[in-house]
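Data block for final-v6.txt (compact mmCIF, C-alpha atoms):
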```
# COMPACT_ATOMS: atom_id res chain seq x y z
CA MET P 296 3.23 -16.79 -21.97
CA THR P 297 3.38 -13.53 -23.95
CA GLU P 298 5.46 -15.13 -26.70
CA THR P 299 3.06 -18.09 -26.93
CA LEU P 300 0.06 -15.80 -27.24
CA SER P 301 1.80 -13.61 -29.83
CA TYR P 302 2.66 -16.59 -32.01
CA ARG P 303 -0.93 -17.74 -31.61
CA SER P 304 -2.01 -14.44 -33.16
CA THR P 305 0.40 -15.14 -36.03
CA ARG P 306 -1.17 -18.56 -36.57
CA MET P 307 -4.67 -17.07 -36.50
CA ALA P 308 -3.71 -14.49 -39.14
CA CYS P 309 -2.29 -17.29 -41.29
CA TYR P 310 -5.47 -19.34 -40.84
CA ARG P 311 -7.55 -16.35 -41.94
CA GLY P 312 -5.21 -15.94 -44.90
CA TYR P 313 -6.05 -19.43 -46.07
CA ILE P 314 -9.76 -18.73 -45.58
CA VAL P 315 -9.25 -15.72 -47.87
CA GLN P 316 -7.59 -17.96 -50.44
CA GLY P 317 -10.53 -20.35 -50.21
CA VAL P 318 -12.85 -17.43 -50.94
CA VAL P 319 -10.98 -16.00 -53.94
CA ASN P 320 -10.46 -19.41 -55.55
CA ASN P 321 -14.02 -20.68 -55.13
CA LEU P 322 -16.39 -17.71 -55.28
CA SER P 323 -16.48 -17.23 -59.06
CA PRO P 324 -17.40 -20.86 -59.91
CA LEU P 325 -20.58 -20.46 -57.83
CA PHE P 326 -21.67 -17.79 -60.33
CA PHE P 327 -20.81 -19.77 -63.49
CA VAL P 328 -24.45 -20.54 -64.28
CA ILE P 329 -25.37 -16.88 -63.63
CA PHE P 330 -22.54 -15.73 -65.91
CA GLN P 331 -23.87 -18.01 -68.64
CA ARG P 332 -27.44 -16.73 -68.34
CA GLU P 333 -26.74 -13.04 -67.69
CA PHE P 334 -23.65 -12.42 -69.83
CA GLY P 335 -23.72 -15.26 -72.38
CA VAL P 336 -20.40 -16.70 -71.16
CA SER P 337 -19.64 -20.07 -72.81
CA TYR P 338 -18.06 -23.21 -71.36
CA ALA P 339 -14.80 -22.24 -73.08
CA MET P 340 -14.88 -18.77 -71.48
CA LEU P 341 -15.58 -20.26 -68.05
CA SER P 342 -12.65 -22.60 -68.54
CA SER P 343 -10.56 -19.56 -69.53
CA LEU P 344 -11.41 -17.79 -66.26
CA ILE P 345 -10.17 -20.81 -64.31
CA LEU P 346 -7.05 -20.86 -66.49
CA PHE P 347 -6.44 -17.10 -66.00
CA ASN P 348 -6.66 -17.60 -62.24
CA PHE P 349 -4.04 -20.30 -62.00
CA VAL P 350 -1.75 -19.10 -64.79
CA THR P 351 -1.57 -15.78 -62.93
CA GLN P 352 -0.85 -17.62 -59.70
CA ILE P 353 1.92 -19.55 -61.45
CA CYS P 354 3.52 -16.32 -62.66
CA VAL P 355 3.24 -14.85 -59.16
CA ASP P 356 4.75 -18.01 -57.66
CA VAL P 357 7.73 -17.71 -60.01
CA LEU P 358 8.28 -14.10 -58.99
CA CYS P 359 7.92 -15.03 -55.32
CA VAL P 360 10.73 -17.56 -55.72
CA ARG P 361 13.07 -14.62 -56.28
CA PHE P 362 11.60 -11.82 -54.20
CA VAL P 363 9.68 -12.96 -51.08
CA ASP P 364 12.81 -13.78 -49.06
CA ARG P 365 14.21 -10.36 -50.03
CA ILE P 366 11.20 -8.14 -49.30
CA GLY P 367 10.11 -10.12 -46.24
CA TYR P 368 6.98 -12.03 -45.34
CA ARG P 369 5.19 -9.09 -43.76
CA ALA P 370 5.25 -6.92 -46.88
CA ALA P 371 4.32 -9.92 -49.02
CA THR P 372 1.29 -10.93 -46.95
CA VAL P 373 -0.02 -7.36 -46.66
CA PHE P 374 0.29 -6.89 -50.44
CA ALA P 375 -1.48 -10.22 -51.01
CA HIS P 376 -4.50 -9.25 -48.95
CA VAL P 377 -4.74 -5.84 -50.62
CA CYS P 378 -4.97 -7.62 -53.99
CA CYS P 379 -7.57 -10.09 -52.73
CA ALA P 380 -9.80 -7.33 -51.32
CA LEU P 381 -9.48 -5.22 -54.47
CA GLY P 382 -10.11 -8.19 -56.77
CA LEU P 383 -13.30 -9.16 -54.96
CA VAL P 384 -14.64 -5.61 -55.25
CA LEU P 385 -13.77 -5.57 -58.96
CA LEU P 386 -15.55 -8.90 -59.47
CA GLY P 387 -18.78 -7.30 -58.34
CA VAL P 388 -18.30 -3.98 -60.17
CA LEU P 389 -16.48 -4.46 -63.50
CA PRO P 390 -18.88 -6.88 -65.28
CA GLN P 391 -21.65 -4.35 -64.67
CA VAL P 392 -19.81 -1.30 -66.04
CA LEU P 393 -17.47 -2.52 -68.82
CA PRO P 394 -18.75 -3.06 -72.39
CA SER P 395 -17.44 -6.64 -72.21
CA ALA P 396 -18.57 -8.45 -69.06
CA PHE P 397 -16.07 -11.23 -69.75
CA LEU P 398 -13.22 -8.69 -69.78
CA GLY P 399 -14.36 -7.42 -66.39
CA LEU P 400 -14.49 -10.95 -65.01
CA ALA P 401 -11.03 -11.65 -66.39
CA ILE P 402 -9.49 -8.49 -64.84
CA ALA P 403 -11.01 -9.24 -61.42
CA THR P 404 -9.87 -12.86 -61.65
CA VAL P 405 -6.27 -11.83 -62.37
CA VAL P 406 -6.14 -9.31 -59.49
CA MET P 407 -7.53 -11.87 -57.03
CA ALA P 408 -5.10 -14.48 -58.36
CA VAL P 409 -2.11 -12.22 -57.65
CA GLY P 410 -3.17 -12.05 -54.00
CA GLY P 411 -3.95 -15.75 -53.79
CA GLY P 412 -0.60 -16.66 -55.30
CA VAL P 413 1.38 -14.60 -52.78
CA ILE P 414 -0.64 -16.03 -49.87
CA GLU P 415 0.13 -19.52 -51.10
CA VAL P 416 3.89 -18.92 -51.14
CA ALA P 417 4.26 -16.73 -48.05
CA VAL P 418 1.92 -18.22 -45.45
CA SER P 419 3.10 -21.86 -45.47
CA PRO P 420 6.74 -20.98 -44.60
CA ILE P 421 5.49 -18.64 -41.87
CA ILE P 422 3.65 -21.56 -40.24
CA ASP P 423 6.63 -23.86 -40.84
CA SER P 424 8.94 -21.36 -39.09
CA LEU P 425 6.87 -21.13 -35.89
CA PRO P 426 7.90 -23.27 -32.89
CA SER P 427 6.08 -26.62 -33.01
CA GLU P 428 6.74 -30.28 -32.28
CA ALA P 429 4.41 -31.54 -35.04
CA LYS P 430 5.05 -29.40 -38.11
CA GLU P 431 3.34 -31.81 -40.57
CA ALA P 432 0.17 -31.73 -38.47
CA LYS P 433 0.29 -27.92 -38.16
CA MET P 434 0.70 -27.62 -41.94
CA SER P 435 -2.32 -29.86 -42.51
CA LEU P 436 -4.32 -27.83 -39.99
CA LEU P 437 -3.36 -24.61 -41.81
CA HIS P 438 -4.59 -26.01 -45.11
CA SER P 439 -7.83 -27.17 -43.49
CA PHE P 440 -8.77 -23.51 -43.15
CA TYR P 441 -8.72 -23.23 -46.95
CA CYS P 442 -11.42 -25.90 -46.90
CA TRP P 443 -13.48 -24.18 -44.21
CA GLY P 444 -13.19 -20.97 -46.21
CA GLN P 445 -14.51 -22.84 -49.23
CA VAL P 446 -17.36 -24.29 -47.16
CA ALA P 447 -18.25 -20.84 -45.84
CA VAL P 448 -18.20 -19.18 -49.24
CA VAL P 449 -20.31 -21.95 -50.83
CA LEU P 450 -22.88 -22.12 -48.04
CA LEU P 451 -23.28 -18.41 -47.40
CA THR P 452 -23.12 -17.36 -51.05
CA THR P 453 -25.54 -20.06 -52.19
CA LEU P 454 -28.06 -19.18 -49.48
CA ALA P 455 -27.65 -15.45 -50.14
CA VAL P 456 -28.30 -15.92 -53.87
CA ARG P 457 -31.36 -17.98 -52.97
CA LEU P 458 -32.71 -15.25 -50.68
CA MET P 459 -31.68 -12.16 -52.67
CA GLY P 460 -32.16 -13.48 -56.18
CA GLN P 461 -29.58 -14.05 -58.89
CA GLY P 462 -29.83 -10.46 -60.13
CA LEU P 463 -28.08 -9.16 -56.99
CA TRP P 464 -25.16 -11.62 -57.12
CA TRP P 465 -22.67 -8.74 -57.62
CA ILE P 466 -23.17 -7.51 -54.02
CA LEU P 467 -21.72 -10.70 -52.54
CA PRO P 468 -18.09 -10.35 -53.75
CA ILE P 469 -18.01 -6.84 -52.30
CA VAL P 470 -19.22 -8.16 -48.94
CA TRP P 471 -16.62 -10.95 -48.98
CA ALA P 472 -13.88 -8.33 -49.51
CA ALA P 473 -14.23 -7.34 -45.83
CA LEU P 474 -12.31 -10.45 -44.74
CA PRO P 475 -9.02 -9.79 -46.59
CA PHE P 476 -9.37 -6.10 -45.74
CA TYR P 477 -9.41 -7.00 -42.03
CA ASN P 478 -6.44 -9.35 -42.40
CA ILE P 479 -4.34 -6.57 -43.95
CA PHE P 480 -4.13 -4.94 -40.52
CA SER P 481 -3.51 -8.28 -38.78
CA PHE P 482 -0.35 -8.93 -40.78
CA THR P 483 0.98 -5.44 -40.08
CA ARG P 484 1.12 -6.31 -36.34
CA VAL P 485 1.69 -10.03 -35.72
CA PRO P 486 5.24 -11.22 -34.83
CA LEU P 487 7.11 -13.17 -37.51
CA ARG P 488 10.13 -15.44 -37.14
CA PRO P 489 13.34 -14.53 -39.04
CA THR P 490 13.50 -15.93 -42.57
CA VAL P 491 16.30 -18.18 -43.83
CA SER P 492 19.25 -15.99 -44.79
CA GLU P 493 20.73 -16.07 -48.29
CA GLU P 494 23.92 -17.64 -46.88
CA GLU P 495 22.04 -20.51 -45.19
CA LYS P 496 19.41 -21.11 -47.87
CA THR P 497 19.71 -24.25 -50.02
CA PRO P 498 20.29 -23.06 -53.63
CA LEU P 499 17.51 -23.85 -56.11
CA GLY P 500 20.01 -25.60 -58.37
CA GLU P 501 20.88 -28.00 -55.57
CA LEU P 502 17.20 -28.62 -54.84
CA CYS P 503 16.41 -29.36 -58.48
CA ARG P 504 19.27 -31.86 -58.69
CA SER P 505 17.63 -33.90 -55.93
CA LYS P 506 15.55 -36.69 -57.44
CA LEU P 507 13.31 -36.70 -54.38
CA PHE P 508 12.60 -32.99 -54.86
CA VAL P 509 11.77 -33.55 -58.54
CA LEU P 510 9.31 -36.25 -57.47
CA SER P 511 7.87 -33.82 -54.91
CA MET P 512 7.25 -31.31 -57.70
CA ALA P 513 5.45 -33.98 -59.75
CA LEU P 514 3.37 -34.91 -56.70
CA MET P 515 2.40 -31.26 -56.21
CA LEU P 516 1.25 -31.01 -59.82
CA CYS P 517 -0.91 -34.11 -59.42
CA ALA P 518 -2.28 -32.85 -56.10
CA GLY P 519 -3.33 -29.48 -57.54
CA ALA P 520 -4.98 -31.06 -60.58
CA SER P 521 -6.81 -33.68 -58.51
CA GLU P 522 -8.20 -31.04 -56.16
CA LEU P 523 -9.25 -28.28 -58.54
CA ALA P 524 -10.76 -30.39 -61.31
CA MET P 525 -13.46 -31.51 -58.89
CA SER P 526 -13.66 -28.28 -56.90
CA GLN P 527 -14.13 -26.03 -59.94
CA TRP P 528 -16.52 -28.19 -61.96
CA SER P 529 -18.63 -30.05 -59.39
CA SER P 530 -21.34 -27.34 -59.17
CA LEU P 531 -21.91 -27.24 -62.92
CA PHE P 532 -21.55 -31.03 -63.12
CA ALA P 533 -24.25 -31.51 -60.49
CA GLU P 534 -26.67 -29.14 -62.21
CA GLN P 535 -26.26 -30.02 -65.86
CA ALA P 536 -24.96 -33.60 -65.92
CA LEU P 537 -26.92 -34.94 -62.95
CA GLY P 538 -29.98 -32.69 -63.26
CA VAL P 539 -29.81 -31.38 -59.69
CA GLU P 540 -31.35 -27.98 -58.86
CA LYS P 541 -28.73 -25.21 -58.32
CA LEU P 542 -29.14 -24.89 -54.54
CA TRP P 543 -28.69 -28.62 -53.97
CA GLY P 544 -26.06 -28.84 -56.68
CA ASP P 545 -23.89 -26.30 -54.83
CA LEU P 546 -24.51 -27.81 -51.40
CA LEU P 547 -23.95 -31.43 -52.44
CA GLY P 548 -21.19 -30.68 -54.97
CA PRO P 549 -18.49 -28.14 -54.02
CA CYS P 550 -19.76 -27.65 -50.46
CA LEU P 551 -19.77 -31.34 -49.54
CA PHE P 552 -16.39 -31.66 -51.29
CA ALA P 553 -14.95 -28.89 -49.13
CA VAL P 554 -16.48 -30.29 -45.92
CA PHE P 555 -14.86 -33.69 -46.48
CA MET P 556 -11.56 -32.04 -47.43
CA GLY P 557 -11.64 -29.95 -44.27
CA ILE P 558 -12.47 -33.00 -42.14
CA GLY P 559 -9.55 -34.94 -43.63
CA ARG P 560 -7.06 -32.13 -43.05
CA THR P 561 -8.34 -31.42 -39.55
CA ILE P 562 -8.09 -35.11 -38.61
CA TYR P 563 -4.50 -35.21 -39.79
CA GLY P 564 -3.81 -31.89 -38.08
CA VAL P 565 -4.94 -33.40 -34.76
CA PHE P 566 -3.79 -37.02 -35.10
CA GLY P 567 -1.14 -36.77 -37.81
CA VAL P 568 1.76 -37.43 -35.44
CA ARG P 569 0.46 -41.03 -35.07
CA LEU P 570 0.02 -41.72 -38.80
CA ASN P 571 2.50 -42.71 -41.52
CA LEU P 572 2.50 -39.89 -44.07
CA TYR P 573 3.50 -42.00 -47.09
CA ARG P 574 0.87 -44.68 -46.49
CA SER P 575 -1.78 -42.04 -45.88
CA LEU P 576 -0.93 -40.27 -49.16
CA LEU P 577 -1.00 -43.53 -51.14
CA ALA P 578 -4.35 -44.61 -49.67
CA THR P 579 -5.97 -41.24 -50.35
CA ALA P 580 -4.63 -41.15 -53.95
CA VAL P 581 -6.17 -44.55 -54.69
CA LEU P 582 -9.45 -43.40 -53.13
CA CYS P 583 -9.34 -40.28 -55.32
CA VAL P 584 -9.14 -42.36 -58.51
CA LEU P 585 -12.19 -44.35 -57.39
CA CYS P 586 -14.11 -41.17 -56.52
CA TYR P 587 -13.58 -39.61 -59.97
CA MET P 588 -14.63 -42.84 -61.66
CA GLY P 589 -17.70 -43.15 -59.44
CA ALA P 590 -18.78 -39.55 -60.00
CA ALA P 591 -18.53 -39.92 -63.76
CA LEU P 592 -19.86 -43.45 -64.25
CA LEU P 593 -22.50 -44.10 -61.59
CA ALA P 594 -26.03 -43.63 -62.91
CA ALA P 595 -27.68 -42.60 -59.63
CA PRO P 596 -27.22 -38.85 -59.00
CA VAL P 597 -27.06 -39.38 -55.21
CA LEU P 598 -24.14 -41.80 -55.56
CA SER P 599 -22.37 -39.52 -58.04
CA LEU P 600 -22.70 -36.60 -55.63
CA LEU P 601 -21.44 -38.74 -52.77
CA CYS P 602 -18.35 -39.55 -54.83
CA CYS P 603 -17.87 -35.80 -55.46
CA GLY P 604 -17.95 -35.20 -51.72
CA LEU P 605 -15.68 -38.13 -50.81
CA CYS P 606 -13.20 -36.86 -53.39
CA GLY P 607 -12.63 -33.94 -51.01
CA PHE P 608 -11.55 -36.35 -48.27
CA SER P 609 -9.35 -38.25 -50.74
CA ILE P 610 -7.34 -35.17 -51.73
CA SER P 611 -7.28 -33.58 -48.27
CA LEU P 612 -3.76 -34.68 -47.40
CA MET P 613 -2.14 -34.35 -50.83
CA TRP P 614 -1.09 -30.68 -50.95
CA PRO P 615 -0.11 -30.11 -47.27
CA GLY P 616 1.40 -33.60 -47.01
CA VAL P 617 3.77 -33.06 -49.92
CA LEU P 618 4.67 -29.57 -48.68
CA SER P 619 5.49 -30.66 -45.14
CA SER P 620 7.35 -33.77 -46.29
CA THR P 621 9.53 -31.72 -48.63
CA ALA P 622 10.13 -29.03 -45.99
CA GLY P 623 11.24 -31.72 -43.56
CA LYS P 624 13.83 -33.02 -46.05
CA HIS P 625 15.00 -29.51 -47.05
CA PRO P 626 14.62 -27.31 -43.94
CA LYS P 627 16.78 -24.54 -45.48
CA GLY P 628 14.77 -24.25 -48.68
CA GLY P 629 13.15 -20.95 -47.68
CA ALA P 630 10.36 -19.21 -49.59
CA ALA P 631 12.02 -20.12 -52.90
CA MET P 632 11.43 -23.83 -52.25
CA PHE P 633 7.79 -23.24 -51.26
CA GLY P 634 7.40 -21.00 -54.31
CA LEU P 635 8.73 -23.66 -56.68
CA LEU P 636 6.40 -26.25 -55.16
CA ALA P 637 3.53 -23.79 -55.46
CA VAL P 638 4.38 -23.29 -59.16
CA CYS P 639 4.03 -27.03 -59.69
CA GLY P 640 0.83 -27.17 -57.66
CA ASP P 641 -0.69 -24.31 -59.61
CA LEU P 642 0.32 -25.90 -62.90
CA GLY P 643 -1.80 -28.80 -61.75
CA CYS P 644 -4.57 -26.43 -60.64
CA SER P 645 -4.60 -25.09 -64.21
CA ALA P 646 -4.22 -28.43 -65.97
CA GLY P 647 -6.91 -30.33 -64.05
CA PRO P 648 -9.88 -27.97 -64.59
CA ALA P 649 -8.66 -27.09 -68.11
CA LEU P 650 -8.58 -30.76 -69.16
CA ALA P 651 -12.00 -31.39 -67.63
CA GLY P 652 -13.38 -28.28 -69.38
CA MET P 653 -11.96 -29.13 -72.80
CA VAL P 654 -13.19 -32.73 -72.66
CA SER P 655 -16.60 -31.52 -71.43
CA GLU P 656 -16.85 -29.11 -74.37
CA PHE P 657 -16.55 -31.97 -76.87
CA ALA P 658 -17.78 -35.08 -75.05
CA GLY P 659 -19.98 -33.91 -72.17
CA LEU P 660 -19.48 -33.23 -68.47
CA ARG P 661 -19.36 -36.90 -67.44
CA ALA P 662 -16.48 -37.55 -69.84
CA GLY P 663 -14.74 -34.42 -68.58
CA MET P 664 -15.03 -35.59 -64.99
CA LEU P 665 -13.70 -39.05 -65.91
CA SER P 666 -10.71 -37.58 -67.73
CA ALA P 667 -9.53 -35.89 -64.51
CA ALA P 668 -8.95 -39.32 -62.90
CA VAL P 669 -5.63 -39.43 -64.76
CA PHE P 670 -4.09 -37.07 -62.18
CA PRO P 671 -4.61 -39.07 -58.96
CA LEU P 672 -3.61 -42.17 -60.94
CA ALA P 673 -0.34 -40.45 -61.86
CA MET P 674 0.10 -39.55 -58.20
CA VAL P 675 -0.14 -43.23 -57.23
CA LEU P 676 2.67 -43.99 -59.68
CA CYS P 677 4.80 -41.08 -58.42
CA LEU P 678 4.33 -42.18 -54.81
CA GLY P 679 5.58 -45.64 -55.79
CA ALA P 680 8.71 -44.07 -57.25
CA PHE P 681 9.05 -41.82 -54.19
CA ARG P 682 8.89 -44.86 -51.90
CA ARG P 683 11.61 -46.65 -53.86
CA ARG P 684 13.85 -43.59 -53.53
```

I'd like the structure from this file rewritten - as structure tokens, please.
Amino acid sequence: MTETLSYRSTRMACYRGYIVQGVVNNLSPLFFVIFQREFGVSYAMLSSLILFNFVTQICVDVLCVRFVDRIGYRAATVFAHVCCALGLVLLGVLPQVLPSAFLGLAIATVVMAVGGGVIEVAVSPIIDSLPSEAKEAKMSLLHSFYCWGQVAVVLLTTLAVRLMGQGLWWILPIVWAALPFYNIFSFTRVPLRPTVSEEEKTPLGELCRSKLFVLSMALMLCAGASELAMSQWSSLFAEQALGVEKLWGDLLGPCLFAVFMGIGRTIYGVFGVRLNLYRSLLATAVLCVLCYMGAALLAAPVLSLLCCGLCGFSISLMWPGVLSSTAGKHPKGGAAMFGLLAVCGDLGCSAGPALAGMVSEFAGLRAGMLSAAVFPLAMVLCLGAFRRR
């Protein structure tokens, strides 16, 4: 009984870690319109902040491939939460005190991204290492907490801005920093399972020679791009392309997206043992293509917003499904395998919003949203190749 309860505390710390990641990845986009009005930040600069976030996470993922197994998961997770707490505080402070507000936003974004990148690499293998008879379902349930973190940050931040006024936005990141600060102490105490030793671990060279693993990396790239293109741009898309007021744009754009994504991951976390993972991934990828097309092309704002929300359900299984499937085929991959998959996912997280931003700059937000449909379409093709293998 004691062991069960202690591993439960480990799972709860991991769940909170993914809530933290949901906060650091999704808080800044809620302030994009405020950054434009208060600091004169352009579309290109906003796109750059998204790019800084995920390029930093990619660099961190690459470093984690080499070092997380060596330094241990406890040190890695504690360091990650220190960076997340510090980055959130800097997000509220630096734009107010530096001569260049954009420089302050960029510095805070990079610090938060370091923490988010380490959480991404370290927490999934911790969950995968814990005793469980349904690892795919547990992985999906873990990733659902990212969604609930996104829902919480969108709802609470949007309502707080509404009540406090946009001029006091900078207080909110500092308040949100309390969550990673608390989780620092959680990860200093919870029990962790032994990591895969260097002698047992599957070498990266052997992994990369596996055609199935190469397809898994491509699937991760498509999954990251499909998720973040909608997540990062739906608030601005709702306000400026659909003409929806900011409060409702946030609630019916990124918030509804996150709710549907959380529902999808929670459903699979509870019932996933009864479902075929490949068929579920293929069905959701096709639905994702339709959602991007509907959001961009439908004339009625209500229908476009509904497509934005349903897109969250359509991508809910992509990231955790590919991770758990790959871990099942390569159980000795260790943190290096999760790190390499995270690199590919974060490449997609950079490519998806960046493509949507660049196309929006020249052809409008609807065209930018439509351009992002290329990623779930590519995922459908990769899944077909994966099935043949």

All residues 8 Å or closer to Gly412 (chain P), all atoms listed in the file, same chain fewer than 5 positions away omitted, as a ChimeraX atom specification | /P:351-353,355-356,375

Generate the output file for the selected residues, C-alpha atoms, as a PDB file, keeping the file's coordinate frame.
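Full text of result07.pdb as output:
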```
ATOM      1  CA  THR P 351      -1.570 -15.780 -62.930  1.00  0.00           C
ATOM      2  CA  GLN P 352      -0.850 -17.620 -59.700  1.00  0.00           C
ATOM      3  CA  ILE P 353       1.920 -19.550 -61.450  1.00  0.00           C
ATOM      4  CA  VAL P 355       3.240 -14.850 -59.160  1.00  0.00           C
ATOM      5  CA  ASP P 356       4.750 -18.010 -57.660  1.00  0.00           C
ATOM      6  CA  ALA P 375      -1.480 -10.220 -51.010  1.00  0.00           C
TER       7      ALA P 375
END
```

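The closest residue to Val413 (chain P), picked from P:Phe334, P:Tyr313, P:Tyr573, P:Trp465 and counting only C-alpha atoms, is P:Tyr313.
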
Do you have, as JSON lines, the list of residues of region 477-523 of chain P lying at most 9 Å from region 678-684 of chain P, each with its nearest atom pair and that distance in Å to one decimal, counting only C-alpha atoms and ordered by chain then number?
```
{"residue": "P:Lys506", "atom": "CA", "partner": "P:Arg684", "partner_atom": "CA", "distance": 8.1}
{"residue": "P:Leu507", "atom": "CA", "partner": "P:Phe681", "partner_atom": "CA", "distance": 6.7}
{"residue": "P:Leu510", "atom": "CA", "partner": "P:Phe681", "partner_atom": "CA", "distance": 6.5}
{"residue": "P:Ser511", "atom": "CA", "partner": "P:Phe681", "partner_atom": "CA", "distance": 8.1}
{"residue": "P:Leu514", "atom": "CA", "partner": "P:Leu678", "partner_atom": "CA", "distance": 7.6}
```

To one decimal in Å, tell me the separation between CA of Leu451 (chain P) and CA of Thr305 (chain P).
-> 26.5 Å

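Here CA of Cys309 (chain P) stands at a distance of 25.9 Å from CA of Leu346 (chain P).
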
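For the choices P:Leu601, P:Met407, P:Met459, P:Leu672, the atom-to-atom distance to Phe347 (chain P) is smallest for P:Met407 when using only C-alpha atoms.
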
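Between CA of Ser301 (chain P) and CA of Phe440 (chain P) the interatomic distance comes to 19.7 Å.
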
Could you list, as a JSON list (two decimals) with C-alpha atoms, keeping the file's coordinate frame, every residue within 9 Å of Leu650 (chain P), counting all atoms listed in the file and ignoring same-chain residues fewer than 6 positions away?
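Below you can see selection.json, which holds the result:
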```
[["chain", "number", "residue", "atom", "x", "y", "z"],
["P", 524, "ALA", "CA", -10.76, -30.39, -61.31],
["P", 663, "GLY", "CA", -14.74, -34.42, -68.58],
["P", 666, "SER", "CA", -10.71, -37.58, -67.73],
["P", 667, "ALA", "CA", -9.53, -35.89, -64.51]]
```

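Every protein or nucleic acid residue with an atom no more than 8 Å from Leu322 (chain P), counting all atoms listed in the file and leaving out same-chain residues fewer than 2 positions away, appears here: Val318, Val319, Asn320, Pro324, Leu325, Phe326, Val448, Val449, Thr452 and Pro468 of chain P.
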